[in-house]
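Content type compact mmCIF, C-alpha atoms, from the file final_0.txt:
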```txt
# COMPACT_ATOMS: atom_id res chain seq x y z
CA MET H 240 13.65 -9.73 30.66
CA PRO H 241 10.19 -11.42 30.72
CA ASP H 242 8.12 -11.64 27.56
CA VAL H 243 5.50 -8.95 27.14
CA THR H 244 2.00 -10.32 27.66
CA ARG H 245 -1.49 -9.11 26.86
CA GLU H 246 -2.22 -8.82 30.59
CA MET H 247 0.80 -6.53 31.10
CA VAL H 248 -0.42 -4.23 28.34
CA LEU H 249 -4.00 -4.10 29.64
CA GLU H 250 -2.80 -3.37 33.18
CA LYS H 251 -0.79 -0.39 31.94
CA LEU H 252 -3.72 0.84 29.88
CA ARG H 253 -5.87 1.00 33.02
CA SER H 254 -3.97 4.18 33.84
CA VAL H 255 -5.42 5.90 30.76
CA ARG H 256 -8.74 7.64 31.42
CA GLY H 257 -11.73 7.23 29.15
CA PRO H 258 -13.37 9.93 27.00
CA ASP H 259 -15.42 11.41 29.87
CA MET H 260 -13.00 10.66 32.73
CA GLU H 261 -15.52 8.24 34.32
CA GLY H 262 -13.21 5.26 34.16
CA ASN H 263 -10.22 3.84 32.35
CA ILE H 264 -10.30 2.70 28.72
CA VAL H 265 -9.91 -1.00 29.63
CA ASP H 266 -12.74 -1.22 32.18
CA LEU H 267 -14.96 0.81 29.85
CA GLY H 268 -14.44 -1.88 27.19
CA LEU H 269 -12.87 0.46 24.65
CA VAL H 270 -9.70 -1.55 23.95
CA SER H 271 -9.71 -4.14 21.20
CA ASP H 272 -7.87 -7.46 21.37
CA VAL H 273 -4.19 -6.81 22.02
CA PHE H 274 -1.81 -8.43 19.53
CA ILE H 275 1.87 -8.77 20.44
CA SER H 276 4.64 -9.82 18.06
CA ASP H 277 8.40 -9.45 18.40
CA GLY H 278 8.09 -6.95 21.21
CA LYS H 279 5.57 -4.77 19.37
CA ALA H 280 2.05 -4.22 20.70
CA TYR H 281 -0.91 -3.55 18.41
CA PHE H 282 -4.45 -2.59 19.48
CA SER H 283 -7.23 -0.09 18.80
CA ILE H 284 -9.46 2.10 21.00
CA THR H 285 -13.13 2.51 20.14
CA VAL H 286 -14.45 6.08 20.43
CA PRO H 287 -17.50 8.01 19.16
CA ALA H 288 -16.98 8.96 15.51
CA GLU H 289 -17.52 12.69 16.04
CA ARG H 290 -14.93 12.82 18.85
CA ALA H 291 -12.06 10.99 17.14
CA LYS H 292 -9.98 14.13 16.53
CA GLU H 293 -10.64 15.48 20.01
CA LEU H 294 -9.51 12.21 21.62
CA GLU H 295 -6.18 11.95 19.79
CA PRO H 296 -4.31 12.88 23.03
CA MET H 297 -5.90 9.84 24.69
CA ARG H 298 -4.59 7.61 21.87
CA ALA H 299 -1.13 9.14 22.25
CA ALA H 300 -1.22 8.57 26.03
CA ALA H 301 -2.15 4.91 25.54
CA GLU H 302 0.70 4.47 23.08
CA ARG H 303 3.12 6.16 25.46
CA VAL H 304 2.30 4.05 28.53
CA VAL H 305 2.57 0.82 26.56
CA ARG H 306 5.92 1.85 25.04
CA ASP H 307 7.20 2.34 28.60
CA ILE H 308 6.67 -1.35 29.44
CA PRO H 309 10.05 -3.11 29.68
CA GLY H 310 10.50 -5.32 26.62
CA VAL H 311 8.11 -3.33 24.39
CA LYS H 312 9.95 -2.04 21.33
CA ALA H 313 7.04 -0.17 19.79
CA ALA H 314 3.28 0.30 20.04
CA MET H 315 0.82 0.75 17.18
CA VAL H 316 -2.47 2.23 18.39
CA ALA H 317 -5.46 3.25 16.27
CA LEU H 318 -8.68 5.08 17.12
CA THR H 319 -11.66 3.35 15.55
CA ALA H 320 -15.02 5.08 15.27
CA ASP H 321 -17.99 3.37 16.87
CA ARG H 322 -20.89 3.98 14.48
CA LYS H 323 -23.44 2.90 17.14
CA ALA H 324 -22.06 5.45 19.57
CA ALA H 325 -22.57 8.23 17.05
CA PRO H 326 -25.70 7.58 14.96
CA GLN H 327 -26.01 11.25 14.07
CA ALA H 328 -22.42 11.60 12.88
CA LYS H 329 -22.13 13.12 9.44
CA PRO H 330 -20.61 11.06 6.62
CA VAL H 331 -16.96 11.73 6.00
CA GLU H 332 -16.36 13.88 2.95
CA GLN H 333 -13.24 13.20 0.94
CA PRO H 334 -11.90 15.57 -1.72
CA ARG H 335 -10.52 14.57 -5.08
CA PRO H 336 -6.92 13.34 -4.90
CA ALA H 337 -4.12 15.81 -5.60
CA PRO H 338 -2.90 16.11 -9.19
CA PRO H 339 0.02 13.72 -9.71
CA SER H 340 3.55 14.78 -10.44
CA GLY H 341 4.69 14.44 -14.00
CA GLN H 342 7.41 17.05 -14.21
CA PRO H 343 11.09 16.29 -14.78
CA GLN H 344 13.16 15.20 -11.82
CA GLY H 345 13.82 17.89 -9.25
CA HIS H 346 10.47 19.63 -9.74
CA ARG H 347 8.24 19.66 -6.67
CA PRO H 348 4.51 19.84 -7.43
CA ALA H 349 2.07 21.89 -5.41
CA GLY H 350 0.68 20.48 -2.16
CA GLY H 351 -1.86 17.68 -2.03
CA ALA H 352 -5.60 17.98 -1.85
CA PRO H 353 -7.11 19.31 1.39
CA GLY H 354 -7.68 16.56 3.97
CA LYS H 355 -5.15 14.18 2.46
CA ALA H 356 -1.71 14.61 3.91
CA GLY H 357 1.03 13.67 1.48
CA ILE H 358 4.43 12.24 2.38
CA PRO H 359 7.22 14.80 2.69
CA GLY H 360 9.69 14.42 -0.17
CA VAL H 361 7.49 12.07 -2.23
CA ASP H 362 6.18 13.54 -5.49
CA ALA H 363 3.69 10.87 -6.57
CA ILE H 364 2.17 7.74 -5.02
CA ILE H 365 0.78 5.05 -7.29
CA ALA H 366 -1.07 1.88 -6.32
CA VAL H 367 -0.59 -1.45 -8.11
CA ALA H 368 -3.76 -3.48 -7.61
CA SER H 369 -5.70 -6.49 -8.82
CA GLY H 370 -9.22 -7.75 -8.35
CA LYS H 371 -8.04 -11.20 -7.26
CA GLY H 372 -4.94 -12.99 -6.03
CA GLY H 373 -2.64 -15.15 -8.11
CA VAL H 374 -2.26 -12.81 -11.09
CA GLY H 375 1.35 -11.82 -10.36
CA LYS H 376 0.61 -8.38 -8.92
CA SER H 377 3.51 -8.32 -6.43
CA THR H 378 6.00 -9.50 -9.06
CA THR H 379 4.68 -6.78 -11.36
CA SER H 380 4.99 -4.18 -8.57
CA VAL H 381 8.63 -5.07 -7.90
CA ASN H 382 9.66 -5.05 -11.54
CA LEU H 383 7.65 -1.89 -12.26
CA ALA H 384 9.38 -0.08 -9.38
CA LEU H 385 12.80 -1.25 -10.56
CA ALA H 386 11.93 -0.32 -14.15
CA LEU H 387 10.91 3.19 -13.11
CA GLN H 388 14.26 3.41 -11.33
CA ALA H 389 16.08 2.09 -14.41
CA ASN H 390 14.36 4.83 -16.40
CA GLY H 391 16.07 7.43 -14.20
CA LEU H 392 13.61 8.07 -11.37
CA LYS H 393 14.02 7.93 -7.60
CA VAL H 394 11.66 5.19 -6.44
CA GLY H 395 10.40 3.60 -3.22
CA LEU H 396 8.20 0.54 -2.73
CA LEU H 397 5.60 -0.03 0.00
CA ASP H 398 4.19 -3.51 0.56
CA ALA H 399 0.61 -2.79 1.66
CA ASP H 400 -0.38 -6.46 1.88
CA ILE H 401 -0.55 -6.79 5.68
CA TYR H 402 -1.76 -10.39 5.63
CA GLY H 403 0.61 -11.72 2.97
CA PRO H 404 3.68 -9.48 2.57
CA SER H 405 5.90 -10.58 -0.33
CA MET H 406 8.63 -7.94 -0.60
CA PRO H 407 11.19 -9.43 1.81
CA ARG H 408 11.36 -12.57 -0.34
CA LEU H 409 10.96 -10.91 -3.75
CA LEU H 410 13.80 -8.48 -3.01
CA LYS H 411 15.91 -10.81 -0.85
CA ILE H 412 15.87 -8.48 2.15
CA SER H 413 16.11 -9.70 5.75
CA GLY H 414 16.48 -8.03 9.12
CA ARG H 415 14.56 -5.33 10.94
CA PRO H 416 14.25 -1.61 10.11
CA GLN H 417 16.11 0.74 12.45
CA GLN H 418 14.53 3.67 14.28
CA ILE H 419 16.48 6.84 13.55
CA GLU H 420 14.82 9.84 15.23
CA GLY H 421 11.52 10.43 16.93
CA ARG H 422 9.03 7.95 15.49
CA LEU H 423 10.78 7.69 12.12
CA ILE H 424 12.30 4.44 10.94
CA ARG H 425 14.74 3.88 8.10
CA PRO H 426 13.34 1.81 5.19
CA MET H 427 15.12 -1.35 4.13
CA GLU H 428 16.96 -1.23 0.80
CA ASN H 429 18.18 -3.45 -2.00
CA TYR H 430 19.04 -2.81 -5.66
CA GLY H 431 18.88 0.92 -4.84
CA LEU H 432 15.17 0.62 -3.99
CA LYS H 433 13.83 1.83 -0.63
CA VAL H 434 11.33 -0.70 0.70
CA MET H 435 8.94 -1.03 3.64
CA SER H 436 6.83 -4.09 4.47
CA MET H 437 5.05 -5.64 7.44
CA GLY H 438 7.21 -8.66 6.57
CA PHE H 439 10.19 -6.78 8.06
CA LEU H 440 8.38 -6.24 11.37
CA VAL H 441 6.69 -9.61 11.94
CA ASP H 442 8.10 -13.10 11.48
CA GLU H 443 7.06 -14.88 8.27
CA GLU H 444 5.17 -17.60 10.16
CA VAL H 445 3.06 -15.18 12.23
CA ALA H 446 -0.61 -15.02 11.21
CA MET H 447 -1.86 -11.42 11.13
CA ILE H 448 -5.43 -11.59 12.45
CA TRP H 449 -6.38 -7.92 12.31
CA ARG H 450 -9.57 -5.96 11.87
CA GLY H 451 -9.88 -2.89 9.65
CA PRO H 452 -8.70 -0.21 12.13
CA MET H 453 -5.44 -2.04 12.76
CA ILE H 454 -4.80 -2.36 9.02
CA GLN H 455 -5.45 1.35 8.55
CA SER H 456 -3.12 2.29 11.40
CA ALA H 457 -0.34 0.00 10.16
CA LEU H 458 -0.56 1.32 6.60
CA LEU H 459 -0.51 4.97 7.62
CA GLN H 460 2.45 4.40 9.92
CA MET H 461 4.40 2.61 7.18
CA LEU H 462 3.62 5.52 4.86
CA ARG H 463 4.18 8.52 7.11
CA GLU H 464 6.60 7.32 9.79
CA VAL H 465 9.24 6.02 7.40
CA ALA H 466 12.15 8.19 6.26
CA TRP H 467 11.53 7.79 2.52
CA GLY H 468 13.69 10.78 1.57
CA GLU H 469 13.32 12.42 -1.83
CA LEU H 470 11.34 10.19 -4.22
CA ASP H 471 9.80 10.82 -7.62
CA VAL H 472 7.46 7.84 -7.21
CA LEU H 473 6.36 5.62 -4.33
CA VAL H 474 4.90 2.37 -5.70
CA VAL H 475 2.39 0.70 -3.36
CA ASP H 476 1.83 -3.03 -3.81
CA MET H 477 -1.81 -3.42 -2.74
CA PRO H 478 -3.37 -6.62 -1.42
CA PRO H 479 -5.80 -8.29 -3.83
CA GLY H 480 -9.46 -7.32 -3.79
CA THR H 481 -11.29 -4.19 -2.67
CA GLY H 482 -11.06 -4.17 1.12
CA ASP H 483 -9.80 -2.08 4.02
CA ALA H 484 -6.31 -1.46 2.67
CA GLN H 485 -7.60 -0.13 -0.65
CA LEU H 486 -10.16 2.15 0.99
CA THR H 487 -7.58 3.43 3.48
CA MET H 488 -5.22 4.34 0.66
CA ALA H 489 -7.97 5.96 -1.40
CA GLN H 490 -9.45 7.94 1.50
CA GLN H 491 -6.31 8.92 3.41
CA VAL H 492 -3.54 9.25 0.82
CA PRO H 493 -3.33 11.53 -2.27
CA LEU H 494 -2.89 8.74 -4.81
CA ALA H 495 -1.70 9.95 -8.19
CA GLY H 496 -3.18 6.89 -9.85
CA ALA H 497 -3.61 3.12 -9.94
CA VAL H 498 -2.22 0.39 -12.19
CA ILE H 499 -4.45 -2.68 -12.55
CA VAL H 500 -2.84 -6.10 -13.11
CA SER H 501 -4.87 -8.93 -14.67
CA THR H 502 -4.35 -12.14 -16.56
CA PRO H 503 -6.14 -12.55 -19.91
CA GLN H 504 -8.89 -14.99 -18.94
CA ASP H 505 -12.47 -13.88 -18.36
CA LEU H 506 -12.55 -14.87 -14.67
CA ALA H 507 -9.60 -12.62 -13.79
CA LEU H 508 -11.03 -9.78 -15.87
CA VAL H 509 -14.35 -9.96 -14.00
CA ASP H 510 -12.47 -9.36 -10.74
CA ALA H 511 -10.23 -6.71 -12.32
CA ARG H 512 -13.37 -4.74 -13.25
CA LYS H 513 -14.27 -4.58 -9.55
CA GLY H 514 -10.89 -3.02 -8.78
CA LEU H 515 -11.31 -0.55 -11.62
CA ALA H 516 -14.79 0.36 -10.41
CA MET H 517 -13.56 0.93 -6.87
CA PHE H 518 -10.78 3.32 -7.88
CA ARG H 519 -13.14 5.20 -10.14
CA LYS H 520 -15.73 5.48 -7.37
CA VAL H 521 -13.19 7.13 -5.07
CA GLU H 522 -11.90 9.22 -7.99
CA VAL H 523 -8.39 7.81 -8.18
CA PRO H 524 -7.19 7.97 -11.82
CA VAL H 525 -6.62 4.57 -13.43
CA LEU H 526 -3.25 4.84 -15.17
CA GLY H 527 -3.81 1.67 -17.16
CA ILE H 528 -4.00 -2.13 -17.24
CA VAL H 529 -1.13 -4.62 -17.46
CA GLU H 530 -1.86 -8.05 -18.92
CA ASN H 531 0.36 -10.43 -16.94
CA MET H 532 1.03 -14.07 -17.97
CA SER H 533 -0.09 -12.92 -21.39
CA TYR H 534 1.53 -15.79 -23.33
CA PHE H 535 4.15 -18.50 -22.96
CA ILE H 536 7.10 -19.18 -25.28
CA ALA H 537 8.37 -22.75 -24.96
CA PRO H 538 12.13 -22.51 -24.25
CA ASP H 539 12.95 -25.67 -26.25
CA THR H 540 10.89 -25.05 -29.41
CA GLY H 541 10.19 -21.31 -29.33
CA LYS H 542 6.52 -22.09 -29.93
CA ARG H 543 4.03 -19.66 -28.42
CA TYR H 544 1.14 -20.86 -26.24
CA ASP H 545 -1.73 -18.66 -25.03
CA ILE H 546 -2.29 -20.66 -21.84
CA PHE H 547 -4.77 -18.23 -20.26
CA GLY H 548 -6.10 -16.86 -23.53
CA HIS H 549 -4.69 -13.65 -24.92
CA GLY H 550 -5.64 -10.02 -25.36
CA GLY H 551 -8.45 -9.95 -22.82
CA ALA H 552 -6.93 -7.13 -20.78
CA ARG H 553 -6.23 -5.06 -23.91
CA LYS H 554 -9.86 -5.42 -25.03
CA GLU H 555 -11.07 -4.52 -21.54
CA ALA H 556 -8.87 -1.41 -21.50
CA GLU H 557 -10.28 -0.35 -24.87
CA ARG H 558 -13.84 -1.06 -23.73
CA ILE H 559 -13.66 1.14 -20.64
CA GLY H 560 -11.36 3.78 -22.11
CA VAL H 561 -8.18 3.41 -20.04
CA PRO H 562 -4.63 2.96 -21.37
CA PHE H 563 -3.29 -0.53 -22.06
CA LEU H 564 0.20 -0.57 -20.56
CA GLY H 565 1.62 -3.79 -21.97
CA GLU H 566 1.78 -7.59 -22.13
CA VAL H 567 4.12 -9.44 -19.77
CA PRO H 568 4.76 -13.07 -20.79
CA LEU H 569 4.71 -16.09 -18.52
CA THR H 570 8.33 -17.24 -18.33
CA ILE H 571 10.37 -19.60 -16.23
CA GLY H 572 12.84 -16.75 -15.68
CA ILE H 573 10.26 -14.56 -13.95
CA ARG H 574 9.35 -17.39 -11.60
CA GLU H 575 12.96 -18.33 -10.85
CA THR H 576 14.17 -14.78 -10.25
CA SER H 577 11.12 -13.99 -8.09
CA ASP H 578 11.80 -17.00 -5.88
CA ALA H 579 15.50 -16.09 -5.69
CA GLY H 580 14.86 -12.43 -4.85
CA THR H 581 16.65 -11.22 -7.99
CA PRO H 582 13.96 -9.57 -10.18
CA LEU H 583 14.52 -9.74 -13.93
CA VAL H 584 14.84 -5.98 -14.34
CA VAL H 585 18.07 -6.08 -12.31
CA SER H 586 19.26 -9.66 -12.96
CA GLU H 587 18.78 -9.55 -16.75
CA PRO H 588 18.53 -5.80 -17.51
CA GLN H 589 19.16 -6.28 -21.24
CA GLY H 590 16.64 -9.11 -21.58
CA GLU H 591 13.35 -8.98 -23.47
CA VAL H 592 11.17 -9.15 -20.35
CA ALA H 593 13.14 -6.39 -18.58
CA GLN H 594 12.56 -4.19 -21.64
CA ILE H 595 8.82 -4.92 -21.45
CA TYR H 596 8.75 -3.76 -17.83
CA ARG H 597 10.72 -0.61 -18.72
CA ASP H 598 8.22 0.13 -21.50
CA VAL H 599 5.34 -0.33 -19.03
CA ALA H 600 7.11 2.00 -16.60
CA ALA H 601 7.57 4.60 -19.32
CA ARG H 602 3.84 4.48 -20.15
CA VAL H 603 2.92 4.82 -16.46
CA TRP H 604 5.16 7.87 -16.14
CA GLU H 605 3.65 9.26 -19.34
CA GLN H 606 0.18 8.94 -17.82
CA LEU H 607 1.33 10.73 -14.67
CA SER H 608 2.86 13.50 -16.76
CA ALA H 609 -0.27 13.90 -18.89
CA ALA H 610 -2.51 14.06 -15.83
CA HIS H 611 -0.28 16.66 -14.18
CA GLN H 612 -0.17 18.84 -17.27
CA GLY H 613 -3.90 18.60 -17.94
CA LYS H 614 -6.29 21.37 -17.09
CA SER H 615 -7.39 21.54 -13.47
CA ARG H 616 -10.95 20.62 -12.79
CA ALA H 617 -13.27 21.33 -9.89
CA MET H 618 -12.84 18.96 -6.99
CA PRO H 619 -16.11 17.12 -6.29
CA ASN H 620 -16.68 15.69 -2.82
CA ILE H 621 -17.06 11.95 -2.32
CA ILE H 622 -19.28 10.78 0.52
CA PHE H 623 -18.66 7.40 2.12
CA GLU H 624 -21.72 6.14 3.93
```

Just give me the structure as structure tokens.
Amino acid sequence: MPDVTREMVLEKLRSVRGPDMEGNIVDLGLVSDVFISDGKAYFSITVPAERAKELEPMRAAAERVVRDIPGVKAAMVALTADRKAAPQAKPVEQPRPAPPSGQPQGHRPAGGAPGKAGIPGVDAIIAVASGKGGVGKSTTSVNLALALQANGLKVGLLDADIYGPSMPRLLKISGRPQQIEGRLIRPMENYGLKVMSMGFLVDEEVAMIWRGPMIQSALLQMLREVAWGELDVLVVDMPPGTGDAQLTMAQQVPLAGAVIVSTPQDLALVDARKGLAMFRKVEVPVLGIVENMSYFIAPDTGKRYDIFGHGGARKEAERIGVPFLGEVPLTIGIRETSDAGTPLVVSEPQGEVAQIYRDVAARVWEQLSAAHQGKSRAMPNIIFE
């Protein structure tokens, strides 16, 4: 069977009519660059902003004809709004996220906020974010998810870092997810944790050169077209910064809250403040701050070293009035188990660091519970210009 090429995809797409039936979507210049990896085709179609919902059947038709190409395993197609084509389009209004779940296991909270479709079977979705890279956010996400599970919850983990997915390596998972029925695929699993990552769909060496609409489409498909089953919490490992992935999650998904990861030094805290400000702007509750690489204990002498300073994240949490969730030390064990795909919470469950992660998890769940039990407030609209 010949390899699928960009030209093959574009030729098929010429059978799909444009918005006003005056030509096909390729000749009208509506199709973005086509990206093909491992038999999967990714592209977007540019349409007027005010007609996006109306033209969903066109998107579905484009996806269908590409899936019919021999050798194509799947197609990921997004509609992207052309702001120039719709200068009079009204800003999109987004309601306040749904109240998070904080009830004991087995309790199903009320439906999510209008306009934000939740994930069937998933009680609460939390984002783990950082203002910059290199602060240990993915390692924190993995151990937090496993700690929530160790504390008795049903937990899933979504790797939302499209450009640099870490979960296959951190959890020692290889292979490809299997499609089970319709568009649903079965998540990968290890240590009892259900996991989904772009790293399972694309080879590690492949460079993902995607614009915003493709990132949005990929994230929403990994959220809503995966058979997560019944979960108390879905932990989302966000990419660093405040870009397309973060805005997609905040605008499209009823996030119960966000956990911010930072190291103690001033430079990291400056970037962490940007992440905090973004979540507050889109009215996603900040569940608290974790100070990672907080201190180092020399294994030979037991002497403590504050390599990156100490206590900066705690002071920042106090300053802005959000919970401080805990201090995670810098240890050789965390590095070694991360590289080996055997996180400390499962490889050394009785160890000191594993207990720290379980304490952080308990505080996160406490914040979710408190938010759920609090009095309901009016839901202000947020306008993204």

Margin query: I'd like to know which of H:Ile573, H:Pro407, H:Gln589, H:Ser283 is closest to Asn382 in chain H, using all atoms listed in the file.
Written below: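 Of all the options, H:Ile573 lies closest to Asn382 in chain H.
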
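Using all atoms listed in the file, the smallest distance between any of H:Asp476, H:Glu575, H:Asp307, H:Asp277 and Lys376 in chain H comes from H:Asp476.
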
Practice prompt. Considering only C-alpha atoms, state which residue in the set H:Val585, H:Leu494, H:Leu252, H:Val509 is at the smallest distance from Gly551 in chain H.
Written response: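 Of H:Val585, H:Leu494, H:Leu252, H:Val509, the one nearest Gly551 in chain H, counting only C-alpha atoms, is H:Val509.
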
note - CA of Ser501 in chain H and CA of Ser405 in chain H are separated by 18.0 Å

Record the distance separating CA of Gly370 in chain H and CA of Gly514 in chain H, expressed in Å with one decimal.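 A separation of 5.0 Å between them.
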
Fewer than 4 positions away in the same chain doesn't count, so skip those; otherwise give me all residues within 12 Å of range 423-425 of chain H, counting all atoms listed in the file, as a list in words. Ala313, Arg415, Pro416, Gln417, Gln418, Ile419, Lys433, Val434, Met435, Ser436, Phe439, Leu440, Gln460, Met461, Leu462, Arg463, Glu464, Val465, Ala466, Trp467 and Gly468 of chain H

Quiz prompt | Nearest candidate to Ile499 in chain H (options H:Arg256, H:Lys520, H:Lys393, H:Arg553; using only C-alpha atoms) | solution =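 Result for the nearest residue to Ile499 in chain H: H:Arg553.
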
(message) Restricting the calculation to only C-alpha atoms: of H:Gly372, H:Asp242, H:Ser271, H:Ala511, which residue gets closest to Lys312 in chain H?
(response)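 Of all the options, H:Asp242 lies closest to Lys312 in chain H.
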
Have a look at CA of Lys542 in chain H and CA of Val374 in chain H and let me know their distance in Å, one decimal.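 For CA of Lys542 in chain H relative to CA of Val374 in chain H, the distance reads 22.8 Å.
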
- So which residues touch Gln606 in chain H within 9 Å, counting all atoms listed in the file, skipping near sequence neighbours fewer than 6 positions away, as a PyMOL selection string? chain H and resi 341+496+526-527+562

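Between Leu318 in chain H and the candidates H:Val305, H:Met453, H:Leu569, H:Leu432, the tightest atom-to-atom separation, counting only C-alpha atoms, involves H:Met453.
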
> Any idea what's packed within 10 Å of Leu267 in chain H, counting all atoms listed in the file, ignoring anything in its chain fewer than 4 positions away? Could you give it as a list in words?
Replying inline: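 The neighbour list is Arg253, Arg256, Gly257, Pro258, Glu261, Gly262 and Asn263 of chain H.
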
Take the residues that were just selected and, keeping C-alpha atoms, output them as an mmCIF file, keeping the file's coordinate frame.
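For reference, out_3.cif as written:
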```cif
data_model
loop_
_atom_site.group_PDB
_atom_site.id
_atom_site.type_symbol
_atom_site.label_atom_id
_atom_site.label_comp_id
_atom_site.auth_asym_id
_atom_site.auth_seq_id
_atom_site.Cartn_x
_atom_site.Cartn_y
_atom_site.Cartn_z
ATOM 1 C CA ARG H 253 -5.870 1.000 33.020
ATOM 2 C CA ARG H 256 -8.740 7.640 31.420
ATOM 3 C CA GLY H 257 -11.730 7.230 29.150
ATOM 4 C CA PRO H 258 -13.370 9.930 27.000
ATOM 5 C CA GLU H 261 -15.520 8.240 34.320
ATOM 6 C CA GLY H 262 -13.210 5.260 34.160
ATOM 7 C CA ASN H 263 -10.220 3.840 32.350
#
```

Worksheet entry | 12 Å contact set for Pro588 in chain H, all atoms listed in the file, chain neighbours under 4 positions out, as JSON, numbers by chain | {"H": [382, 385, 386, 388, 389, 390, 581, 582, 583, 584, 592, 593, 594, 595, 596, 597]}

Practice prompt. Take the point (-4.1, 0.4, -8.8) in the file's coordinates, draw a sphere of radius 9 Å around it, and report as a PyMOL selection string every protein, DNA or RNA residue with an atom inside or on it, counting all atoms listed in the file.
Written response: chain H and resi 365-369+475-477+485+496-500+514-515+518+523-528

**Request:** Would you mind listing what lies within 9 Å of Gly550 in chain H as a PyMOL selection string, with only C-alpha atoms counted and same-chain residues fewer than 3 positions away left out?
**Result:** chain H and resi 503-504+530+533+553-555+566
